[in-house]
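> File entry.txt follows (compact mmCIF, C-alpha atoms):
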# COMPACT_ATOMS: atom_id res chain seq x y z
CA MET A 1 -22.06 5.91 0.49
CA GLY A 2 -18.36 6.67 1.00
CA LYS A 3 -17.00 8.87 3.70
CA LYS A 4 -14.40 11.63 3.47
CA ASP A 5 -12.16 12.40 6.42
CA PRO A 6 -11.37 16.07 7.12
CA ARG A 7 -7.88 14.99 8.24
CA VAL A 8 -7.19 14.02 4.61
CA ASP A 9 -8.15 17.55 3.57
CA GLU A 10 -5.65 18.88 6.13
CA TYR A 11 -2.99 16.45 4.92
CA ILE A 12 -3.40 17.57 1.31
CA ALA A 13 -3.43 21.25 2.30
CA SER A 14 -0.14 20.83 4.18
CA ALA A 15 1.57 18.87 1.37
CA ALA A 16 4.18 20.40 -0.91
CA ASP A 17 2.74 22.42 -3.79
CA PHE A 18 3.70 19.83 -6.44
CA ALA A 19 1.91 17.07 -4.47
CA LYS A 20 -1.45 18.77 -3.94
CA PRO A 21 -2.85 18.17 -7.46
CA ILE A 22 -1.54 14.59 -7.39
CA LEU A 23 -3.21 13.80 -4.06
CA ARG A 24 -6.46 15.51 -5.06
CA HIS A 25 -6.52 13.55 -8.34
CA LEU A 26 -5.84 10.20 -6.66
CA ARG A 27 -8.50 10.89 -4.03
CA ALA A 28 -11.08 11.78 -6.69
CA VAL A 29 -10.29 8.69 -8.78
CA VAL A 30 -10.54 6.36 -5.76
CA HIS A 31 -13.93 7.83 -4.79
CA LYS A 32 -15.16 7.68 -8.38
CA GLY A 33 -14.07 4.06 -8.82
CA CYS A 34 -15.33 2.90 -5.44
CA PRO A 35 -18.10 5.21 -4.16
CA ASP A 36 -18.38 3.34 -0.84
CA VAL A 37 -14.71 3.83 0.10
CA VAL A 38 -13.98 5.28 3.54
CA GLU A 39 -11.05 7.59 4.15
CA GLU A 40 -8.93 7.37 7.26
CA MET A 41 -5.47 8.25 8.48
CA LYS A 42 -3.19 5.28 9.19
CA TRP A 43 0.52 5.51 9.88
CA SER A 44 0.15 9.30 9.43
CA PHE A 45 -0.87 8.91 5.75
CA PRO A 46 -4.27 8.96 4.02
CA HIS A 47 -5.65 5.47 3.44
CA PHE A 48 -8.83 4.24 1.86
CA SER A 49 -10.78 1.28 3.24
CA TYR A 50 -13.44 -0.74 1.51
CA LYS A 51 -14.39 -4.02 3.14
CA GLY A 52 -10.87 -4.03 4.56
CA MET A 53 -7.59 -2.44 3.57
CA PHE A 54 -7.77 -0.98 0.08
CA CYS A 55 -5.15 1.60 -0.94
CA GLY A 56 -3.16 4.55 0.36
CA MET A 57 -1.24 7.62 -0.71
CA ALA A 58 1.45 9.81 0.76
CA ALA A 59 3.40 12.97 0.01
CA PHE A 60 7.01 13.60 0.84
CA LYS A 61 9.37 16.50 0.29
CA GLU A 62 10.08 15.70 -3.36
CA HIS A 63 7.65 12.97 -4.40
CA ALA A 64 4.29 11.37 -3.70
CA THR A 65 3.31 7.69 -3.63
CA PHE A 66 0.20 5.61 -4.21
CA GLY A 67 -0.38 1.92 -3.80
CA PHE A 68 -2.95 -0.83 -3.44
CA TRP A 69 -3.00 -3.16 -0.46
CA LYS A 70 -3.46 -6.27 -2.62
CA GLN A 71 -0.96 -5.24 -5.30
CA ALA A 72 0.24 -8.74 -6.20
CA LEU A 73 -3.28 -10.06 -6.75
CA LEU A 74 -4.29 -6.94 -8.62
CA ALA A 75 -1.29 -7.25 -10.94
CA GLU A 76 -2.50 -10.73 -11.96
CA ARG A 77 -6.06 -9.54 -12.71
CA ALA A 78 -5.75 -6.05 -14.18
CA LYS A 79 -3.87 -4.43 -17.03
CA GLY A 80 -1.86 -1.33 -16.28
CA MET A 81 -0.71 -2.36 -12.82
CA PRO A 82 2.99 -1.57 -12.48
CA LYS A 83 5.32 -3.88 -10.58
CA LEU A 84 6.08 -3.07 -6.98
CA GLY A 85 8.19 0.07 -6.91
CA VAL A 86 11.69 -0.33 -5.57
CA GLU A 87 12.42 3.35 -5.36
CA ALA A 88 9.40 4.36 -3.25
CA MET A 89 6.61 2.72 -1.31
CA GLY A 90 3.56 1.96 -3.40
CA GLN A 91 3.42 0.55 -6.91
CA PHE A 92 3.78 3.74 -8.91
CA GLY A 93 7.28 4.74 -7.79
CA ARG A 94 8.19 8.34 -7.12
CA ILE A 95 5.30 10.46 -8.39
CA THR A 96 6.38 14.05 -9.01
CA SER A 97 3.59 15.13 -11.38
CA LEU A 98 0.30 13.86 -12.76
CA ASP A 99 2.24 12.73 -15.85
CA ASP A 100 3.90 10.02 -13.73
CA LEU A 101 0.53 8.29 -13.21
CA PRO A 102 -1.36 6.07 -15.65
CA GLY A 103 -4.35 7.72 -17.34
CA GLU A 104 -7.57 8.18 -15.40
CA LEU A 105 -9.33 5.29 -17.17
CA THR A 106 -6.50 2.91 -16.25
CA LEU A 107 -6.51 4.09 -12.64
CA LEU A 108 -10.30 3.74 -12.49
CA ALA A 109 -10.07 0.18 -13.81
CA LEU A 110 -7.47 -0.65 -11.15
CA VAL A 111 -9.62 0.84 -8.37
CA LYS A 112 -12.68 -1.10 -9.56
CA GLU A 113 -10.73 -4.36 -9.76
CA ALA A 114 -9.27 -3.79 -6.30
CA ALA A 115 -12.84 -3.25 -5.02
CA ARG A 116 -13.89 -6.54 -6.65
CA LEU A 117 -11.07 -8.33 -4.84
CA ASN A 118 -12.43 -7.02 -1.54
CA ASP A 119 -16.04 -7.76 -2.55
CA ASP A 120 -15.03 -11.36 -3.26
CA GLY A 121 -13.20 -11.62 0.07
CA VAL A 122 -9.92 -12.54 -1.63
CA LYS A 123 -7.10 -12.56 0.91
CA PRO A 124 -3.59 -11.48 0.01
CA ARG A 125 -1.07 -14.26 -0.21
CA PRO A 126 1.52 -14.20 2.54
CA LEU A 127 4.89 -12.90 1.48
CA GLN A 128 7.24 -15.78 0.85
CA VAL A 129 10.83 -14.83 1.36
CA THR A 130 13.39 -17.40 0.35
CA PRO A 131 16.81 -16.95 1.91
CA LYS A 132 19.64 -16.66 -0.59
CA GLU A 133 21.67 -19.23 1.30
CA SER A 134 21.13 -21.75 4.04
CA ARG A 135 21.74 -20.35 7.48
CA VAL A 136 22.83 -22.33 10.50
CA LEU A 137 22.26 -20.86 13.90
CA LYS A 138 25.48 -20.72 15.88
CA VAL A 139 24.74 -20.95 19.59
CA PRO A 140 27.57 -20.04 21.95
CA PRO A 141 28.64 -22.91 24.25
CA TYR A 142 28.06 -20.85 27.43
CA PHE A 143 24.43 -20.38 26.42
CA MET A 144 23.90 -24.10 25.82
CA THR A 145 25.46 -24.84 29.24
CA VAL A 146 22.83 -22.67 30.92
CA VAL A 147 20.01 -24.16 28.83
CA ARG A 148 21.03 -27.73 29.73
CA LYS A 149 21.22 -26.79 33.41
CA TYR A 150 17.48 -25.93 33.37
CA GLU A 151 16.26 -28.67 31.00
CA ARG A 152 13.58 -30.94 32.34
CA PRO A 153 14.41 -34.62 32.44
Represent the structure of the file as structure tokens.

Amino acid sequence: MGKKDPRVDEYIASAADFAKPILRHLRAVVHKGCPDVVEEMKWSFPHFSYKGMFCGMAAFKEHATFGFWKQALLAERAKGMPKLGVEAMGQFGRITSLDDLPGELTLLALVKEAARLNDDGVKPRPLQVTPKESRVLKVPPYFMTVVRKYERP
């Protein structure tokens, strides 16, 4: 059975008034979709763990956020998964009301699919960043002089 953390209750209680219903809704949906989820505080925000990292939520002064740990894999396997938000952390962008979230059935489906990913032991792919242009390291001559002085023959 899942486990609730009283620190998450405190976090929600101290959030801005607009964020409280959002956070309560997200928390309820995560527990409904994955009854064995465990709440914890990581990086000062509520996170949910289930056989590893699962998802997290946060509230700020003017918006809230929610996101899944394995977002890229989830986007390939489930309908309704938005692309990674560029305006806020998490995949759902800046959430200012419950209307900014997908419907409960869509969220439940995403939570259940994310749980399946963890059940199956699927690991997230490493981020692959491709530089826009080739970079050449410029080493100052004085540095190379010192390096050569201490090189082994």
> What lies within 10 Å of Ala16 (chain A) using all atoms listed in the file, ignoring chain neighbours under 3 positions off, as a PyMOL selection string?
chain A and resi 12-13+19-21+59-64
> By how many Å are CA of Met53 (chain A) and CA of Pro6 (chain A) apart?
19.2 Å
> One decimal, Å: what's the distance from CA of Ile22 (chain A) over to CA of Asp100 (chain A), could you say?
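Value for the CA of Ile22 (chain A)-CA of Asp100 (chain A) distance: 9.5 Å.
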> Which residue, A:Val146, A:Ala58, A:Ala15, A:Val29, has the smallest gap to Lys42 (chain A) when you use only C-alpha atoms?
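That would be A:Ala58, the residue with the smallest distance to Lys42 (chain A).
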> So which one's closest to Val122 (chain A), A:Lys70, A:Lys3, A:His31, A:His25? Using only C-alpha atoms, please.
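Among A:Lys70, A:Lys3, A:His31, A:His25, it is A:Lys70 that comes nearest to Val122 (chain A).
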> Find the distance between CA of Ile95 (chain A) and CA of Thr65 (chain A) and write it in Å to one decimal.
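Distance between the two atoms: 5.9 Å.
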> With distances taken over all atoms listed in the file, which residue among A:Glu133, A:Leu26, A:Thr145, A:Ala115 lies nearest Pro102 (chain A)?
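The shortest atom-to-atom distance to Pro102 (chain A) comes from A:Leu26.
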> Within 8 Å of region 36-40 of chain A, counting all atoms listed in the file, which residues show up once you throw out same-chain ones fewer than 6 positions away? Write them as a PyMOL selection string, please.
chain A and resi 1-5+7-8+30+46-50
> Excluding Trp69 (chain A) and any residue of its chain fewer than 5 positions from it, enumerate the residues within 9 Å of it, using only C-alpha atoms, and give them as a list of chain:residue names.
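Returned residues: A:Met53, A:Phe54, A:Cys55, A:Gly56, A:Gly90, A:Ala114, A:Pro124.
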